[in-house]
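These notes are about the structure you will find just below.
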Amino acid sequence: MRWMPLAKKEFRGVVRYKATWLLVPFLLLWGYQPNYLAYDVLGSDITLVYLQHMTGPILVLGTLLLSYQTVLKERSSGSLKFPLGLPLTRTDVLLGKIAGRTAGVGAVVLVADLLMAGIGLYQYGLFSPLGFVGMVVLSLVFVGVIVSIATAISTVFDRTITATAGTFLLYLPLFVLWDNFLVAEIRTRLLPVSNEQGGGTETQLSGNQETMFYLIDRFEPMGNFQVVTNWILDAGNASTGAVSALASTNPEQAVFGGGDIVATAFDSVPFVLHEGFSVVWLVLWAVVPFAISWVTFTRGDVL
Amino acid sequence: MSVPAIDIQNLTKRFDDTTAVENLSLTVEQGETYGFLGPNGAGKSTTISMLFDYLRPTEGTIELFGNDPQTDGVAVRERMGHLPDPYSLYDGITAREHLEFVIDTKRADDDPAELLERVALTDAIDKKAGEFSQGMQQRLALAMALVDAPDLLVLDEPFSGLDPHGVRTVRNIVETERERGAAVFFSSHVLGQVELVCDTIGILHKGALITEGTLQDLRDGIDADEEDSIEEIFVEYTDDSVRAVKEEVVQ
């Protein structure tokens with residue numbers, strides 16, 4: 001692994017950049033959302049729900065902003081000549097950059113997770129250690145996914161302004177509007193029964209159409225992250241946050257309506273909607289952008 | 001006979017409608033110091049970029065120690081050191097960390113302090129590069145190029161931003177590297193220094209190599225006097241108006 005020294009250098013660059021650490025208070029503020037239902041159902045494991053919240057839009061935006069110029073900026077400044085002038089392949093350079101950035105942002109997430117764990121421990125008592133490890137590992141995987149996406153932006157665009165525009169054009173539809181607008185709109189149009197009756201999952205769609213709806217619902221990385229972390233929390237197979245998923249399975253305790261739980265819509269959950277499949281989706285969200293970066297970066301001129 | 005350090009044959013590089021390098025052929029033997037001169041925009045940096053596979057040739061071939069820098073890049077660059085131009089160091093990490101990055105990547109065992117001593121930058125070993133003056137940056141970048149005693153040292157404008165002490169340091173390093181047996185290929189505008197250290201000089205103009213040889217060969221090529229400086233010879237070769245008049249006279 002010739003790219004390890006590059007990853008180490010990249011890691012140092014990220015963790016020594018003061019703005020990186022601004023993420024910690026924002027993540028804590030965003031993550032800490034006490035909820036009666038979650039506490040009633042999960043007890044002290046509500047701390048893990050806070051960890052799930054932290055891996056949300058703020059982390060995505062922060063990671064994108066810290067990484068979307070990783071190749072582009074070095075290409076225009078000439079810094080990229082140093083790693084490319086060393087005995088590294090172009091693939092090594094990409095791997096080193098992605099690994100180092102993931103470790104750098106991951107260190108910030110780890111500190112935030114530990115601080116949140118301390119708060120939860122103090123406030124609610126001991127939570128599941130295994131669940132905590134699972135949440136932390138998945139958060140780091142998620143950071144890797146976002147860094148991979150940002151690196152793809154950084155290699156595809158050759159001007160800062162277009163890369164910035166590309167970042168926001170990706171961020172808004174995929175991480176903000178997907179659930180709140182697109183999926184909500186499909187739900188309104190295609191699942192009229194469920195909406196009129198207030199949040200249930202009865203539908204007039206055929207099985208295949210419904211499978212497709214749930215696949216669209218959990219297409220983006222955040223949805224898959226939530227499916228897998230809900231699995232850890234045993235909150236239900238849903239692409240919404242754990243609190244919303246719990247509200248669906250515990251409607252009598254919920255203050256607000258919940259998100260769609262797959263198990264309530266099917267007699268037998270299709271294979272592609274199994275939680276394990278969301279792990280595959282998450283991995284694909286890292287691999288496909290990497291492949292785009294690789295194709296762009298390894299062919300033709302690189303400066 | 002050993003393979004050349006650099007063997008470029010019929011190299012052409014085009015960017016859309018612009019031809020940056022045209023049908024360039026040159027050879028640098030192992031142990032040779034080659035001064036690659038040319039006015040701004042002549043194609044020197046483009047050529048050097050193709051040596052390191054930053055850019056890929058439109059036509060022609062490059063071989064470094066008999067290897068193709070595109071397909072055998074790792075093996076080739078293990079034997080090379082590069083001072084690029086332009087470049088930017090990594091602001092957030094120290095001089096020592098810059099060197100450790102190169103040393104670790106090359107799997108070498110150099111001592112960062114010794115490398116910095118060679119470029120007279122020992123005092124700044126634990127300072128971040130973001131605090132460096134232009135001259136200090138140039139010294140650090142040169143130290144990075146010297147890691148693992150490369151067989152081919154490629155220096156793009158090595159005197160850029162240096163004070164007279166720095167210029168002398170670079171010249172001494174080039175001489176030391178040549179004595180060690182390394183090939184040195186460098187481009188520069190500081191013609192007086194080129195004259196002092198180079199075995200061979202090539203002048204690139206508008207992407208084409210217009211002359212090549214020892215300084216005496218270059219003088220002979222334009223019937224220059226012995227006392228003519230390399231600057232005068234360079235201008236003679238690259239000044240389009242002078243060239244036009246000469247061509248007219250010949251006709």
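All residue names refer to the structure tokens as shown: chains lettered A, B, ... in order, residues numbered from 1 in each chain, ligands numbered from 1 in order.
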
Item to complete: List every residue of region 69-246 of chain B that DSSP, applied to the backbone of this structure, assigns to strand (DSSP E), and report them as a ChimeraX atom specification.
Response: /B:80-83,152-156,183-187,200-205,208-213

Selection above as a file: C-alpha atoms, as a PDB file, in the first residue's frame:
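Okay, again_12.pdb is ready:
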ATOM      1  CA  MET B  80      13.599  10.208 -10.238  1.00  0.00           C
ATOM      2  CA  GLY B  81      13.458  13.384  -8.213  1.00  0.00           C
ATOM      3  CA  HIS B  82      11.424  16.379  -9.285  1.00  0.00           C
ATOM      4  CA  LEU B  83      11.365  20.048  -8.440  1.00  0.00           C
ATOM      5  CA  LEU B 152      17.596  11.425 -12.633  1.00  0.00           C
ATOM      6  CA  LEU B 153      16.940  14.820 -11.105  1.00  0.00           C
ATOM      7  CA  VAL B 154      14.500  17.003 -13.019  1.00  0.00           C
ATOM      8  CA  LEU B 155      14.545  20.629 -11.924  1.00  0.00           C
ATOM      9  CA  ASP B 156      12.055  23.048 -13.430  1.00  0.00           C
ATOM     10  CA  ALA B 183      21.644  12.799 -14.636  1.00  0.00           C
ATOM     11  CA  VAL B 184      20.311  16.317 -14.115  1.00  0.00           C
ATOM     12  CA  PHE B 185      17.780  17.809 -16.499  1.00  0.00           C
ATOM     13  CA  PHE B 186      16.782  21.335 -15.768  1.00  0.00           C
ATOM     14  CA  SER B 187      15.059  24.273 -17.270  1.00  0.00           C
ATOM     15  CA  THR B 200      24.761  20.065 -22.797  1.00  0.00           C
ATOM     16  CA  ILE B 201      22.314  22.830 -23.581  1.00  0.00           C
ATOM     17  CA  GLY B 202      19.180  22.521 -25.657  1.00  0.00           C
ATOM     18  CA  ILE B 203      17.141  25.533 -26.725  1.00  0.00           C
ATOM     19  CA  LEU B 204      13.448  25.049 -27.221  1.00  0.00           C
ATOM     20  CA  HIS B 205      11.547  27.666 -29.176  1.00  0.00           C
ATOM     21  CA  ALA B 208      10.670  22.794 -31.252  1.00  0.00           C
ATOM     22  CA  LEU B 209      14.291  22.140 -30.346  1.00  0.00           C
ATOM     23  CA  ILE B 210      16.171  24.674 -32.451  1.00  0.00           C
ATOM     24  CA  THR B 211      19.677  23.822 -31.303  1.00  0.00           C
ATOM     25  CA  GLU B 212      21.509  21.490 -28.960  1.00  0.00           C
ATOM     26  CA  GLY B 213      25.090  20.927 -27.879  1.00  0.00           C
TER      27      GLY B 213
END

Discussion item. Distance limit 7 Å, atoms considered: only C-alpha atoms. Which chain B residues sit that close to chain A? Return them as a ChimeraX atom specification.
Written reply: /B:52,54-56,73-75,77-78,82,84,86-89,92-93,101,104-106

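Taking CA of Gln123 (chain A) and CA of Ser139 (chain A) as the two end points, the separation is 22.5 Å.
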
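For Glu22 (chain B), the list of residues within 12 Å, based on only C-alpha atoms and with local chain neighbours fewer than 2 positions off taken out, reads B:Ile8, B:Gln9, B:Asn10, B:Leu11, B:Thr12, B:Lys13, B:Arg14, B:Phe15, B:Thr18, B:Thr19, B:Ala20, B:Leu24, B:Ser25, B:Ala42, B:Gly43, B:Lys44, B:Thr46, B:Thr47, B:Pro57, B:Thr58, B:Glu59, B:Gly60, B:Leu204, B:His205, B:Lys206, B:Gly207, B:Ala208, B:Leu209, B:Ile210.
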
Worksheet item: Which residues come within 6 Å of region 49-65 of chain A, counting only C-alpha atoms, excluding same-chain residues fewer than 3 positions away, as a ChimeraX atom specification?
Response: /A:27,31-32,46,68,150

Would you mind exporting the chosen residues as a CSV table (one decimal), in the first residue's frame, restricted to C-alpha atoms?
chain,number,residue,atom,x,y,z
A,27,LEU,CA,-23.0,17.6,15.1
A,31,GLY,CA,-27.7,15.0,17.1
A,32,TYR,CA,-29.1,15.7,20.6
A,46,ILE,CA,-31.5,6.5,23.0
A,68,TYR,CA,-15.0,18.6,-3.0
A,150,ALA,CA,-16.9,14.5,-3.1

Practice prompt. Show which residues sit within 7 Å of region 168-183 of chain A, as a list in words. Count only C-alpha atoms, and ignore same-chain residues fewer than 4 positions away.
Written response: Pro57, Thr164, Arg187, Asp217 and Glu220 of chain A

Would you write out those residues with N, CA and C atoms, as a PDB file, in the first residue's frame?
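Once written, part04.pdb looks like this:
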ATOM      1  N   PRO A  57     -27.663  15.682   7.597  1.00  0.00           N
ATOM      2  CA  PRO A  57     -27.325  16.651   6.544  1.00  0.00           C
ATOM      3  C   PRO A  57     -26.123  17.526   6.868  1.00  0.00           C
ATOM      4  N   THR A 164     -18.275  23.703  -7.266  1.00  0.00           N
ATOM      5  CA  THR A 164     -19.132  24.184  -6.177  1.00  0.00           C
ATOM      6  C   THR A 164     -20.601  24.017  -6.569  1.00  0.00           C
ATOM      7  N   ARG A 187     -45.285   9.477  -2.530  1.00  0.00           N
ATOM      8  CA  ARG A 187     -46.186   8.893  -1.527  1.00  0.00           C
ATOM      9  C   ARG A 187     -47.579   9.503  -1.650  1.00  0.00           C
ATOM     10  N   ASP A 217     -37.392   5.112  -2.143  1.00  0.00           N
ATOM     11  CA  ASP A 217     -37.377   5.742  -0.828  1.00  0.00           C
ATOM     12  C   ASP A 217     -35.993   5.632  -0.179  1.00  0.00           C
ATOM     13  N   GLU A 220     -31.020   6.911  -1.761  1.00  0.00           N
ATOM     14  CA  GLU A 220     -29.861   7.778  -1.463  1.00  0.00           C
ATOM     15  C   GLU A 220     -29.090   7.250  -0.244  1.00  0.00           C
TER      16      GLU A 220
END

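Shortest atom-to-atom contact with Phe132 (chain B) among B:Pro4, B:Gly161, B:Gly31, B:Gly38: B:Gly161, counting only C-alpha atoms.
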
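You can rank B:Asp163, B:Asp7, B:Glu175, B:Asp239 by their closest distance to Gly135 (chain B) using only C-alpha atoms, and at the top of that list sits B:Asp163.
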
Worksheet item: Using the chain letters and numbers from this document, which residues of region 62-243 of chain A does DSSP assign to helix (DSSP H, G or I), as a ChimeraX atom specification?
Response: /A:62-67,72-77,81-84,90-124,129-156,160-190,192-196,207-217,221-233,242-243

Discussion item. Applying 8 Å and only C-alpha atoms, which residues near Asp148 (chain B) remain after dropping the ones on its own chain fewer than 4 positions away? List them as an MDAnalysis selection string.
Written reply: chainID B and resid 103 106 108:110

Please produce a file of the residues just selected, as an mmCIF file, in the first residue's frame, where the atoms kept are C-alpha atoms.
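Contents of part_36.cif, freshly written:
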data_model
loop_
_atom_site.group_PDB
_atom_site.id
_atom_site.type_symbol
_atom_site.label_atom_id
_atom_site.label_comp_id
_atom_site.auth_asym_id
_atom_site.auth_seq_id
_atom_site.Cartn_x
_atom_site.Cartn_y
_atom_site.Cartn_z
ATOM 1 C CA ILE B 103 10.788 9.322 2.105
ATOM 2 C CA LYS B 106 9.855 6.075 -1.859
ATOM 3 C CA ALA B 108 13.838 5.277 1.540
ATOM 4 C CA ASP B 109 15.709 5.816 4.789
ATOM 5 C CA ASP B 110 16.936 9.397 4.376
#

Discussion item. Could you list, as a ChimeraX atom specification, every residue within 12 Å of Asp111 (chain B), counting only C-alpha atoms and ignoring same-chain residues fewer than 5 positions away?
Written reply: /B:96-97,99-100,102-104,116-118,122,125,143-144,146-149

Response to the item:
note - CA of Met50 (chain B) and CA of Gln137 (chain B) are separated by 23.7 Å
